[in-house]
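Engineer: mmCIF, C-alpha atoms and all ligand atoms, file coords20.cif:
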data_final
loop_
_atom_site.label_atom_id
_atom_site.label_comp_id
_atom_site.auth_asym_id
_atom_site.auth_seq_id
_atom_site.Cartn_x
_atom_site.Cartn_y
_atom_site.Cartn_z
CA MET A 233 -61.02 47.60 8.59
CA PRO A 234 -63.42 49.46 10.88
CA SER A 235 -66.75 47.71 10.94
CA SER A 236 -68.59 50.40 8.99
CA ARG A 237 -66.10 49.99 6.16
CA VAL A 238 -66.50 46.23 6.28
CA LEU A 239 -70.22 46.75 5.99
CA LEU A 240 -69.81 49.12 3.08
CA PHE A 241 -67.51 46.67 1.38
CA LEU A 242 -69.99 43.85 1.93
CA MET A 243 -72.78 45.99 0.58
CA PHE A 244 -70.70 46.75 -2.48
CA LEU A 245 -69.97 43.06 -2.90
CA GLY A 246 -73.66 42.44 -2.45
CA PHE A 247 -74.60 44.71 -5.29
CA ALA A 248 -71.84 43.37 -7.45
CA VAL A 249 -72.80 39.71 -7.23
CA VAL A 250 -76.36 39.60 -6.00
CA THR A 251 -78.32 41.53 -8.49
CA LYS A 252 -79.14 40.06 -11.80
CA VAL A 253 -81.93 41.10 -14.08
CA GLN A 254 -84.41 38.40 -14.99
CA GLY A 255 -87.48 39.29 -17.02
CA GLY A 256 -87.18 42.92 -16.04
CA ILE A 257 -86.89 42.29 -12.32
CA LYS A 258 -83.78 42.53 -10.22
CA ILE A 259 -83.07 39.25 -8.42
CA PHE A 260 -81.68 39.11 -4.89
CA ASP A 261 -80.55 35.53 -4.27
CA VAL A 262 -80.53 34.61 -0.56
CA THR A 263 -77.46 32.42 -1.01
CA LYS A 264 -75.52 35.53 -2.03
CA TYR A 265 -76.37 36.92 1.41
CA GLY A 266 -74.94 33.91 3.17
CA ALA A 267 -77.96 31.62 3.24
CA ILE A 268 -77.07 27.93 3.07
CA GLY A 269 -79.58 25.33 1.97
CA ASP A 270 -78.27 22.45 4.05
CA GLY A 271 -81.38 22.16 6.25
CA ARG A 272 -79.37 22.97 9.40
CA ILE A 273 -77.96 26.48 9.40
CA ASP A 274 -80.39 29.19 10.47
CA ASN A 275 -80.87 31.56 7.56
CA THR A 276 -83.10 34.18 9.14
CA LYS A 277 -80.61 37.05 8.93
CA ALA A 278 -79.64 36.31 5.34
CA PHE A 279 -83.28 36.19 4.24
CA LEU A 280 -84.01 39.47 5.97
CA ARG A 281 -81.04 41.23 4.37
CA ALA A 282 -82.02 39.95 0.92
CA TRP A 283 -85.60 41.15 1.46
CA ASN A 284 -84.51 44.56 2.68
CA ASP A 285 -82.32 45.13 -0.37
CA ALA A 286 -85.05 43.90 -2.75
CA CYS A 287 -87.70 45.98 -1.02
CA LYS A 288 -85.78 49.21 -1.24
CA TRP A 289 -84.55 48.60 -4.79
CA ASP A 290 -85.94 51.31 -7.00
CA GLY A 291 -87.45 48.96 -9.55
CA ASN A 292 -89.25 45.64 -9.65
CA SER A 293 -87.32 43.17 -7.57
CA GLY A 294 -87.38 39.60 -6.39
CA VAL A 295 -85.95 37.59 -3.53
CA LEU A 296 -84.86 34.20 -4.83
CA ILE A 297 -84.77 31.09 -2.69
CA PRO A 298 -82.97 28.59 -4.93
CA ARG A 299 -83.00 24.81 -4.63
CA GLY A 300 -81.92 23.45 -1.28
CA THR A 301 -83.52 23.23 2.15
CA PHE A 302 -83.32 26.47 4.06
CA LEU A 303 -83.96 26.45 7.77
CA LEU A 304 -85.66 29.69 8.72
CA GLY A 305 -86.72 31.06 12.10
CA THR A 306 -89.52 33.50 12.83
CA ILE A 307 -89.33 36.29 10.27
CA THR A 308 -91.39 39.25 9.06
CA PHE A 309 -90.90 40.79 5.66
CA THR A 310 -92.13 44.34 5.97
CA GLY A 311 -93.07 46.90 3.31
CA PRO A 312 -93.87 49.26 1.87
CA CYS A 313 -91.39 48.52 -0.90
CA LYS A 314 -90.39 50.84 -3.71
CA LYS A 315 -91.95 48.81 -6.54
CA SER A 316 -93.34 45.29 -6.92
CA THR A 317 -91.54 42.60 -4.96
CA ALA A 318 -91.43 38.91 -5.75
CA PHE A 319 -90.59 36.14 -3.35
CA GLN A 320 -89.60 33.21 -5.49
CA ILE A 321 -89.42 29.90 -3.73
CA LYS A 322 -87.66 27.21 -5.72
CA GLY A 323 -86.32 25.16 -2.84
CA VAL A 324 -87.72 24.26 0.56
CA ILE A 325 -88.11 26.70 3.43
CA ARG A 326 -88.25 24.76 6.65
CA ALA A 327 -89.36 25.86 10.11
CA PRO A 328 -87.48 24.80 13.23
CA SER A 329 -89.25 21.82 14.75
CA ASN A 330 -88.36 23.10 18.21
CA LEU A 331 -90.85 25.78 19.29
CA LYS A 332 -88.23 27.35 21.55
CA ARG A 333 -86.39 28.41 18.43
CA MET A 334 -89.35 30.43 17.20
CA THR A 335 -89.55 33.90 18.72
CA ASN A 336 -93.19 34.66 17.85
CA PRO A 337 -95.79 32.20 19.12
CA ASP A 338 -98.37 33.32 16.52
CA GLN A 339 -96.58 33.34 13.23
CA TRP A 340 -93.62 31.92 11.42
CA ILE A 341 -93.25 33.77 8.10
CA GLY A 342 -94.98 37.15 7.94
CA PHE A 343 -95.49 39.67 5.15
CA ARG A 344 -96.74 43.08 6.27
CA TYR A 345 -97.72 46.27 4.51
CA VAL A 346 -96.59 45.05 1.12
CA ASP A 347 -98.27 46.21 -2.09
CA ARG A 348 -97.74 44.21 -5.29
CA LEU A 349 -96.18 41.19 -3.65
CA LEU A 350 -95.81 38.03 -5.70
CA VAL A 351 -95.06 34.83 -3.80
CA ASN A 352 -94.39 32.16 -6.39
CA GLY A 353 -92.18 29.31 -7.53
CA ARG A 354 -92.61 25.57 -7.32
CA GLY A 355 -91.04 25.39 -3.90
CA THR A 356 -92.30 24.27 -0.53
CA VAL A 357 -92.92 25.91 2.81
CA ASP A 358 -92.55 23.20 5.44
CA GLY A 359 -93.95 24.08 8.88
CA GLN A 360 -92.55 20.96 10.63
CA GLY A 361 -95.84 20.69 12.47
CA ASP A 362 -95.61 17.08 13.58
CA SER A 363 -93.42 18.07 16.51
CA ALA A 364 -95.99 20.62 17.74
CA TRP A 365 -99.38 19.05 17.06
CA SER A 366 -99.54 17.23 20.36
CA PHE A 367 -99.62 20.65 22.09
CA ASN A 368 -102.31 21.94 19.80
CA SER A 369 -105.23 19.71 20.65
CA CYS A 370 -106.40 22.26 23.23
CA ALA A 371 -106.43 25.19 20.80
CA GLU A 372 -110.14 26.02 21.20
CA ASP A 373 -109.35 26.70 24.83
CA PRO A 374 -108.34 30.37 25.30
CA ASN A 375 -105.65 29.39 27.80
CA CYS A 376 -103.97 27.11 25.35
CA PRO A 377 -100.52 28.26 24.22
CA SER A 378 -100.69 29.43 20.64
CA LEU A 379 -98.68 27.96 17.82
CA PRO A 380 -97.26 29.79 14.81
CA ILE A 381 -99.23 30.01 11.56
CA SER A 382 -96.90 29.20 8.66
CA MET A 383 -97.52 32.23 6.42
CA VAL A 384 -99.25 35.36 7.67
CA PHE A 385 -100.17 38.13 5.25
CA ASN A 386 -101.18 41.33 7.04
CA PHE A 387 -102.26 44.40 5.07
CA VAL A 388 -100.98 42.98 1.80
CA THR A 389 -102.62 44.47 -1.30
CA ASN A 390 -102.79 43.90 -5.08
CA SER A 391 -100.83 40.71 -4.67
CA ARG A 392 -100.64 37.11 -5.79
CA ILE A 393 -99.62 33.83 -4.21
CA SER A 394 -99.05 31.22 -6.87
CA GLY A 395 -97.65 27.74 -7.43
CA ILE A 396 -96.18 27.08 -3.99
CA THR A 397 -96.79 24.12 -1.69
CA SER A 398 -97.34 24.47 2.03
CA VAL A 399 -97.01 21.36 4.17
CA ASN A 400 -97.47 20.46 7.83
CA SER A 401 -98.00 23.86 9.41
CA LYS A 402 -97.94 23.93 13.20
CA ASN A 403 -101.18 25.94 13.20
CA ALA A 404 -102.99 27.26 10.08
CA HIS A 405 -101.06 27.22 6.82
CA ILE A 406 -101.95 30.62 5.38
CA SER A 407 -103.70 33.55 7.02
CA LEU A 408 -104.84 36.76 5.32
CA TYR A 409 -105.73 39.67 7.55
CA GLY A 410 -106.51 43.22 6.43
CA CYS A 411 -105.72 42.26 2.84
CA HIS A 412 -107.23 43.70 -0.32
CA LYS A 413 -107.14 42.26 -3.84
CA VAL A 414 -105.09 39.15 -3.31
CA SER A 415 -105.30 36.21 -5.65
CA ILE A 416 -104.18 32.75 -4.71
CA ASP A 417 -103.82 30.20 -7.49
CA ASN A 418 -102.29 26.81 -8.22
CA ILE A 419 -101.16 26.19 -4.69
CA LYS A 420 -101.15 22.96 -2.76
CA ILE A 421 -101.64 22.62 0.97
CA THR A 422 -101.26 19.34 2.80
CA ALA A 423 -101.23 18.10 6.38
CA PRO A 424 -102.48 14.80 7.83
CA TYR A 425 -106.24 14.59 8.45
CA GLN A 426 -105.70 14.12 12.18
CA SER A 427 -103.39 17.15 12.62
CA PRO A 428 -105.18 19.68 14.86
CA ASN A 429 -106.02 23.24 13.74
CA THR A 430 -104.10 23.05 10.50
CA ASP A 431 -106.58 25.18 8.53
CA GLY A 432 -105.62 25.66 4.90
CA ILE A 433 -106.42 29.34 4.32
CA LYS A 434 -107.98 31.64 6.94
CA ILE A 435 -109.33 34.98 5.82
CA GLY A 436 -110.32 37.83 8.13
CA ASP A 437 -111.02 41.54 7.60
CA SER A 438 -110.10 41.18 3.94
CA LYS A 439 -111.84 41.94 0.68
CA GLY A 440 -111.47 41.06 -2.97
CA ILE A 441 -109.79 37.71 -2.45
CA LYS A 442 -109.75 35.05 -5.16
CA ILE A 443 -108.66 31.45 -4.66
CA THR A 444 -108.49 29.26 -7.78
CA HIS A 445 -107.06 25.99 -9.15
CA SER A 446 -105.75 24.77 -5.83
CA SER A 447 -105.86 21.68 -3.68
CA ILE A 448 -106.14 21.74 0.07
CA GLY A 449 -106.14 18.74 2.39
CA THR A 450 -105.53 19.21 6.12
CA GLY A 451 -106.80 18.35 9.59
CA ASP A 452 -109.11 21.36 9.82
CA ASP A 453 -111.00 23.72 7.49
CA CYS A 454 -109.74 23.90 3.91
CA ILE A 455 -110.79 27.54 3.82
CA ALA A 456 -112.30 29.53 6.69
CA LEU A 457 -113.89 32.92 6.23
CA LEU A 458 -113.83 34.91 9.43
CA SER A 459 -115.12 38.25 10.68
CA GLY A 460 -114.96 41.14 8.25
CA SER A 461 -114.44 39.18 5.02
CA THR A 462 -116.16 40.46 1.89
CA ASN A 463 -116.09 39.65 -1.82
CA ILE A 464 -114.30 36.32 -1.73
CA ASN A 465 -114.35 33.89 -4.68
CA VAL A 466 -113.26 30.29 -4.44
CA THR A 467 -113.20 28.44 -7.78
CA ASP A 468 -111.77 25.08 -8.87
CA VAL A 469 -110.56 24.07 -5.45
CA THR A 470 -110.32 20.47 -4.31
CA CYS A 471 -110.79 20.06 -0.58
CA GLY A 472 -110.03 16.94 1.44
CA PRO A 473 -109.25 15.57 3.83
CA GLY A 474 -110.41 18.24 6.26
CA HIS A 475 -113.43 20.01 7.66
CA GLY A 476 -114.60 21.61 4.42
CA ILE A 477 -115.07 25.25 3.48
CA SER A 478 -116.49 27.26 6.37
CA VAL A 479 -117.94 30.64 7.01
CA GLY A 480 -117.06 31.16 10.67
CA SER A 481 -117.07 30.34 13.28
CA LEU A 482 -118.72 33.69 13.96
CA GLY A 483 -120.25 35.24 17.03
CA ARG A 484 -117.69 34.10 19.53
CA TYR A 485 -115.96 37.40 20.19
CA ALA A 486 -117.18 40.97 20.68
CA ASN A 487 -116.67 43.50 17.85
CA GLU A 488 -116.72 40.98 15.05
CA ARG A 489 -117.62 42.45 11.70
CA ASN A 490 -120.12 41.25 9.11
CA VAL A 491 -119.17 38.66 6.55
CA HIS A 492 -120.59 39.33 3.13
CA GLY A 493 -120.17 37.89 -0.34
CA LEU A 494 -118.60 34.49 -0.75
CA ALA A 495 -118.94 32.45 -3.93
CA VAL A 496 -117.68 28.87 -3.94
CA ARG A 497 -117.91 27.50 -7.46
CA ASN A 498 -116.75 24.42 -9.35
CA CYS A 499 -115.22 22.78 -6.31
CA THR A 500 -114.78 19.17 -5.19
CA PHE A 501 -114.89 17.81 -1.66
CA ARG A 502 -113.45 14.36 -0.98
CA GLY A 503 -113.88 12.58 2.31
CA THR A 504 -114.29 15.75 4.33
CA THR A 505 -116.28 15.97 7.57
CA ASN A 506 -118.25 18.92 6.16
CA GLY A 507 -118.78 20.27 2.70
CA VAL A 508 -119.97 23.86 2.74
CA ARG A 509 -120.69 25.03 6.25
CA ILE A 510 -121.75 28.22 8.00
CA LYS A 511 -121.15 28.05 11.74
CA THR A 512 -121.93 30.51 14.52
CA TRP A 513 -121.65 30.21 18.27
CA ALA A 514 -124.73 30.42 20.43
CA SER A 515 -123.70 33.72 22.04
CA PRO A 516 -124.97 37.29 22.42
CA GLN A 517 -122.57 38.75 19.81
CA ALA A 518 -124.62 40.24 16.96
CA ASN A 519 -123.48 40.11 13.36
CA VAL A 520 -124.73 39.53 9.81
CA ALA A 521 -123.47 36.80 7.48
CA SER A 522 -125.01 37.20 4.03
CA GLY A 523 -124.70 36.82 0.29
CA PHE A 524 -123.22 33.39 -0.21
CA THR A 525 -123.36 31.22 -3.32
CA PHE A 526 -122.30 27.59 -3.37
CA GLU A 527 -122.53 26.34 -6.92
CA ASN A 528 -121.44 23.38 -9.10
CA ILE A 529 -120.01 21.35 -6.27
CA PHE A 530 -119.23 17.66 -6.22
CA MET A 531 -119.20 15.92 -2.85
CA SER A 532 -117.60 12.49 -2.57
CA ASN A 533 -118.21 10.70 0.74
CA VAL A 534 -118.67 13.85 2.75
CA GLU A 535 -120.08 13.44 6.26
CA ASN A 536 -122.21 16.61 6.27
CA PRO A 537 -122.37 18.07 2.75
CA ILE A 538 -124.56 21.13 3.38
CA VAL A 539 -124.64 22.61 6.88
CA ILE A 540 -125.73 25.70 8.73
CA ASP A 541 -124.97 25.30 12.41
CA GLN A 542 -125.91 28.17 14.71
CA MET A 543 -125.24 26.21 17.85
CA TYR A 544 -121.59 25.62 17.12
CA CYS A 545 -119.92 24.42 20.27
CA PRO A 546 -117.11 22.03 19.44
CA HIS A 547 -116.24 21.14 23.01
CA GLY A 548 -119.75 20.98 24.41
CA SER A 549 -119.39 23.51 27.23
CA CYS A 550 -121.92 26.08 25.98
CA ASN A 551 -125.00 27.44 27.71
CA GLN A 552 -127.91 25.69 25.99
CA LYS A 553 -130.32 28.57 26.78
CA ILE A 554 -128.43 31.17 24.75
CA THR A 555 -129.18 31.47 21.04
CA SER A 556 -126.99 32.85 18.30
CA ASN A 557 -127.43 36.52 17.42
CA VAL A 558 -125.79 36.18 14.04
CA GLN A 559 -128.27 36.80 11.23
CA ILE A 560 -127.67 34.48 8.28
CA LYS A 561 -129.40 35.44 5.04
CA ASP A 562 -129.32 35.25 1.24
CA VAL A 563 -127.57 31.93 0.78
CA THR A 564 -127.94 29.93 -2.46
CA TYR A 565 -126.94 26.30 -2.96
CA ARG A 566 -127.12 25.40 -6.64
CA ASN A 567 -126.17 22.23 -8.48
CA ILE A 568 -124.58 20.26 -5.67
CA TRP A 569 -124.33 16.50 -6.12
CA GLY A 570 -122.55 13.41 -4.83
CA THR A 571 -122.54 11.22 -1.74
CA SER A 572 -123.06 11.80 1.96
CA THR A 573 -121.77 9.34 4.55
CA THR A 574 -124.43 10.37 7.06
CA LYS A 575 -128.18 10.41 6.48
CA VAL A 576 -128.78 14.10 7.03
CA ALA A 577 -127.20 15.46 3.87
CA VAL A 578 -128.78 18.91 4.14
CA ASN A 579 -128.84 20.29 7.65
CA PHE A 580 -130.01 23.80 8.55
CA GLN A 581 -130.04 24.49 12.29
CA CYS A 582 -130.60 28.22 12.55
CA SER A 583 -131.09 30.55 15.48
CA LYS A 584 -134.44 30.66 17.20
CA THR A 585 -134.07 34.41 17.77
CA PHE A 586 -132.55 35.20 14.35
CA PRO A 587 -133.96 32.60 11.94
CA CYS A 588 -132.11 32.20 8.63
CA GLU A 589 -133.70 34.17 5.78
CA ASN A 590 -133.82 33.59 2.05
CA ILE A 591 -132.02 30.27 1.92
CA VAL A 592 -132.34 28.80 -1.58
CA LEU A 593 -131.77 25.20 -2.66
CA GLN A 594 -131.67 24.52 -6.38
CA ASP A 595 -130.82 21.21 -8.09
CA ILE A 596 -129.47 19.19 -5.22
CA TYR A 597 -128.68 15.50 -5.72
CA LEU A 598 -127.03 13.97 -2.67
CA VAL A 599 -127.19 10.23 -2.04
CA HIS A 600 -126.65 8.63 1.34
CA ASN A 601 -123.74 6.22 1.11
CA GLY A 602 -124.84 3.92 3.94
CA ARG A 603 -127.28 1.18 4.85
CA ASP A 604 -129.72 2.96 7.14
CA GLY A 605 -131.99 4.53 4.52
CA ALA A 606 -132.14 7.36 2.04
CA ALA A 607 -130.65 10.82 2.62
CA THR A 608 -132.80 13.34 4.48
CA SER A 609 -132.79 17.04 5.15
CA SER A 610 -133.45 18.83 8.42
CA CYS A 611 -134.60 22.42 8.96
CA ASN A 612 -135.03 24.46 12.11
CA PHE A 613 -135.82 28.19 12.12
CA VAL A 614 -135.10 28.66 8.45
CA ASP A 615 -137.01 30.47 5.74
CA GLY A 616 -136.38 29.97 2.02
CA ASP A 617 -137.31 28.18 -1.18
CA SER A 618 -136.25 25.23 -3.26
CA TYR A 619 -136.30 24.68 -7.02
CA GLY A 620 -135.50 21.89 -9.48
CA THR A 621 -134.24 18.50 -8.36
CA GLN A 622 -134.32 17.96 -4.61
CA LYS A 623 -132.73 14.80 -3.35
CA PRO A 624 -133.02 14.55 -0.40
CA PRO A 625 -136.51 16.11 -0.44
CA SER A 626 -136.20 19.73 0.63
CA CYS A 627 -137.31 20.74 4.11
CA LEU A 628 -137.63 24.41 3.15
C1 LIG B 1 -116.18 37.28 -7.65
O1 LIG B 1 -117.09 36.90 -8.67
C2 LIG B 1 -118.05 37.87 -8.98
C3 LIG B 1 -118.94 37.30 -10.07
O2 LIG B 1 -119.63 36.21 -9.58
C4 LIG B 1 -117.40 39.16 -9.44
O3 LIG B 1 -118.37 40.16 -9.64
C5 LIG B 1 -116.40 39.63 -8.39
O4 LIG B 1 -115.70 40.75 -8.87
C6 LIG B 1 -115.43 38.52 -8.08
N1 LIG B 1 -114.52 38.95 -7.03
C7 LIG B 1 -113.25 38.59 -6.99
C8 LIG B 1 -112.45 39.09 -5.87
O5 LIG B 1 -112.75 37.87 -7.83
C1 LIG B 2 -117.58 26.44 -13.75
O1 LIG B 2 -117.60 25.39 -14.70
C2 LIG B 2 -118.54 25.63 -15.76
C3 LIG B 2 -118.61 24.38 -16.60
O2 LIG B 2 -117.34 23.89 -16.89
C4 LIG B 2 -118.09 26.85 -16.54
O3 LIG B 2 -119.00 27.11 -17.59
C5 LIG B 2 -118.05 28.05 -15.59
O4 LIG B 2 -117.55 29.18 -16.25
C6 LIG B 2 -117.17 27.76 -14.38
N1 LIG B 2 -117.33 28.82 -13.40
C7 LIG B 2 -116.33 29.54 -12.95
C8 LIG B 2 -116.67 30.59 -11.97
O5 LIG B 2 -115.17 29.33 -13.29
#
Go through the file and emit its structure as structure tokens.

Structural biologist:
Amino acid sequence: MPSSRVLLFLMFLGFAVVTKVQGGIKIFDVTKYGAIGDGRIDNTKAFLRAWNDACKWDGNSGVLIPRGTFLLGTITFTGPCKKSTAFQIKGVIRAPSNLKRMTNPDQWIGFRYVDRLLVNGRGTVDGQGDSAWSFNSCAEDPNCPSLPISMVFNFVTNSRISGITSVNSKNAHISLYGCHKVSIDNIKITAPYQSPNTDGIKIGDSKGIKITHSSIGTGDDCIALLSGSTNINVTDVTCGPGHGISVGSLGRYANERNVHGLAVRNCTFRGTTNGVRIKTWASPQANVASGFTFENIFMSNVENPIVIDQMYCPHGSCNQKITSNVQIKDVTYRNIWGTSTTKVAVNFQCSKTFPCENIVLQDIYLVHNGRDGAATSSCNFVDGDSYGTQKPPSCL
């Protein structure tokens, strides 16, 4: 048969066996497109064909990844799609451990321009990071080769990510950029505490994002809120190990946008290096970070439970004379209790040129879990008030 007829025949076969209605959505099973879950065969083409058929299906559709271990190379699932599109992960999707087999140095699995995307299932996305982490220890250095983020959502709207597990990403696990109204619930993210730059969820230039009922333990931030993030709620999240929940770092690059509106509520931090942290570089880049609430938070053996650091400089090569031009204001810490493994449990080091404004501490009970005395707080260039219980005594 001429190849176009073969293709037509295959497409016909595809429709005949692939599609199956389940709860009102048409299912496109990747194994019906030739994917094999043996952990060895590369399934990139099969996944892409299944996505393309689901995406253009004139009705609600779903790509199904059944049980099995599916090796997958760099891939981008692009919309817009006709109707809502699910991506149901029941098995394991595994990245190549060899970086040479990944064609994009920045991302592994991408979703772009998709409205009403649902990524769900009880399956696992395995980034195979252990092979790459040794290269990643230089990642704060701009000349460092970049490593792929496991799941990158760009311009995804009205969507939900639910129930999945992400393990051992080479770089961050999940990144949201340019997203609007995305909810993330009941997910689990894990990587070893010493794995470099394995942030849990990074959010930039996105608004209306909700993260609930999830557990995140990695070698870097559990959640990081970067430039241009607004209206973000984090509720019922357990963080640890890792570097805590961070706003920033901000002020490192030109043209960063303001960060406004983050509420972290009913969360637990276990054995993290930081609890809730706002960090900005001492640099000329101007910006405003405002409207944050950190409420009902339990800290268990956290090194630095409450931190504002406007001299963030992780590798110590910053000009000490420059101050941060990021204005931090309207931040409330309410009902935060537990243990700190260092003495300074509340630490506000703001910018000399842009002091922090309206920082509020209410009902804080943090005990130093160590032998060298009671917990303390430290304030520099910060204006605000404290109410209710204050242990350590407030420095505001
Ligand atoms: C976050 O919570 C506030 C209430 O504290 C609510 O007004 C806002 O709509 C919520 N945003 C999202 C994205 O859930
Ligand atoms: C946090 O927990 C308290 C007490 O269980 C509950 O009343 C409140 O609604 C929760 N807050 C959120 C944002 O879920």

Engineer: Skip stretch 472-482 of chain A itself and residues of its chain fewer than 4 positions away, then list as a compact mmCIF listing (two decimals) with C-alpha atoms, in the frame of the given file all residues within 7 Å of it, counting only C-alpha atoms.

Structural biologist:
# COMPACT_ATOMS: atom_id res chain seq x y z
CA TYR A 425 -106.24 14.59 8.45
CA ILE A 448 -106.14 21.74 0.07
CA GLY A 449 -106.14 18.74 2.39
CA THR A 450 -105.53 19.21 6.12
CA GLY A 451 -106.80 18.35 9.59
CA ASP A 452 -109.11 21.36 9.82
CA ASP A 453 -111.00 23.72 7.49
CA CYS A 454 -109.74 23.90 3.91
CA ILE A 455 -110.79 27.54 3.82
CA ALA A 456 -112.30 29.53 6.69
CA LEU A 457 -113.89 32.92 6.23
CA LEU A 458 -113.83 34.91 9.43
CA SER A 459 -115.12 38.25 10.68
CA PHE A 501 -114.89 17.81 -1.66
CA ARG A 502 -113.45 14.36 -0.98
CA GLY A 503 -113.88 12.58 2.31
CA THR A 504 -114.29 15.75 4.33
CA THR A 505 -116.28 15.97 7.57
CA ASN A 506 -118.25 18.92 6.16
CA GLY A 507 -118.78 20.27 2.70
CA VAL A 508 -119.97 23.86 2.74
CA ARG A 509 -120.69 25.03 6.25
CA ILE A 510 -121.75 28.22 8.00
CA LYS A 511 -121.15 28.05 11.74
CA THR A 512 -121.93 30.51 14.52
CA TRP A 513 -121.65 30.21 18.27

Engineer: Between A:Asn557, A:Ser461, A:Thr500, A:Ser329, single out the one closest to A:Ala486, counting all atoms listed in the file.

Structural biologist: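 Checking each of A:Asn557, A:Ser461, A:Thr500, A:Ser329 against A:Ala486, counting all atoms listed in the file, the winner is A:Asn557.
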
Engineer: What residues of the protein or nucleic acid chains come within 7 Å of ligand LIG 1 (chain B) when you use all atoms listed in the file? Reply as a compact mmCIF listing (two decimals) with C-alpha atoms, in the coordinates of the input.

Structural biologist:
# COMPACT_ATOMS: atom_id res chain seq x y z
CA LYS A 413 -107.14 42.26 -3.84
CA GLY A 440 -111.47 41.06 -2.97
CA ILE A 441 -109.79 37.71 -2.45
CA LYS A 442 -109.75 35.05 -5.16
CA ASN A 463 -116.09 39.65 -1.82
CA ILE A 464 -114.30 36.32 -1.73
CA ASN A 465 -114.35 33.89 -4.68
CA ALA A 495 -118.94 32.45 -3.93

Engineer: Report the distance between atom CA of A:Met334 and atom CA of A:Gly359 in Å, rounded to one decimal place.

Structural biologist: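 Atom CA of A:Gly359 lies at a distance of 11.4 Å from atom CA of A:Met334.
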
Engineer: Once 8 Å is added on each side, what are the centre and the three edge lengths, in Å to one decimal, of the axis-aligned box enclosing the listed atoms of ligand LIG 2 (chain B)? Present them as AutoDock Vina command-line options.

Structural biologist:
--center_x -117.1 --center_y 27.2 --center_z -14.8 --size_x 19.8 --size_y 22.7 --size_z 21.6

Engineer: One decimal, Å: what's the distance from atom CA of A:Asp347 over to atom CA of A:Phe279, could you say?

Structural biologist: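 Distance reported for this atom pair: 19.1 Å.
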
Engineer: So how far away is atom CA of A:Arg484 from atom CA of A:Ser572, in Å?

Structural biologist: 28.9 Å

Engineer: Rank nothing, just name the residue among A:Arg272, A:Lys575, A:Lys553, A:Lys561 nearest to A:Arg603, using all atoms listed in the file.

Structural biologist: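 Closest residue, counting all atoms listed in the file: A:Lys575.
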
Engineer: Would you pick out the contacts of A:Asn612 at 6 Å or less, using all atoms listed in the file, so that residues sharing its chain but fewer than 2 positions from it are not included, and give the list as a ChimeraX atom specification?

Structural biologist: /A:581-582,614
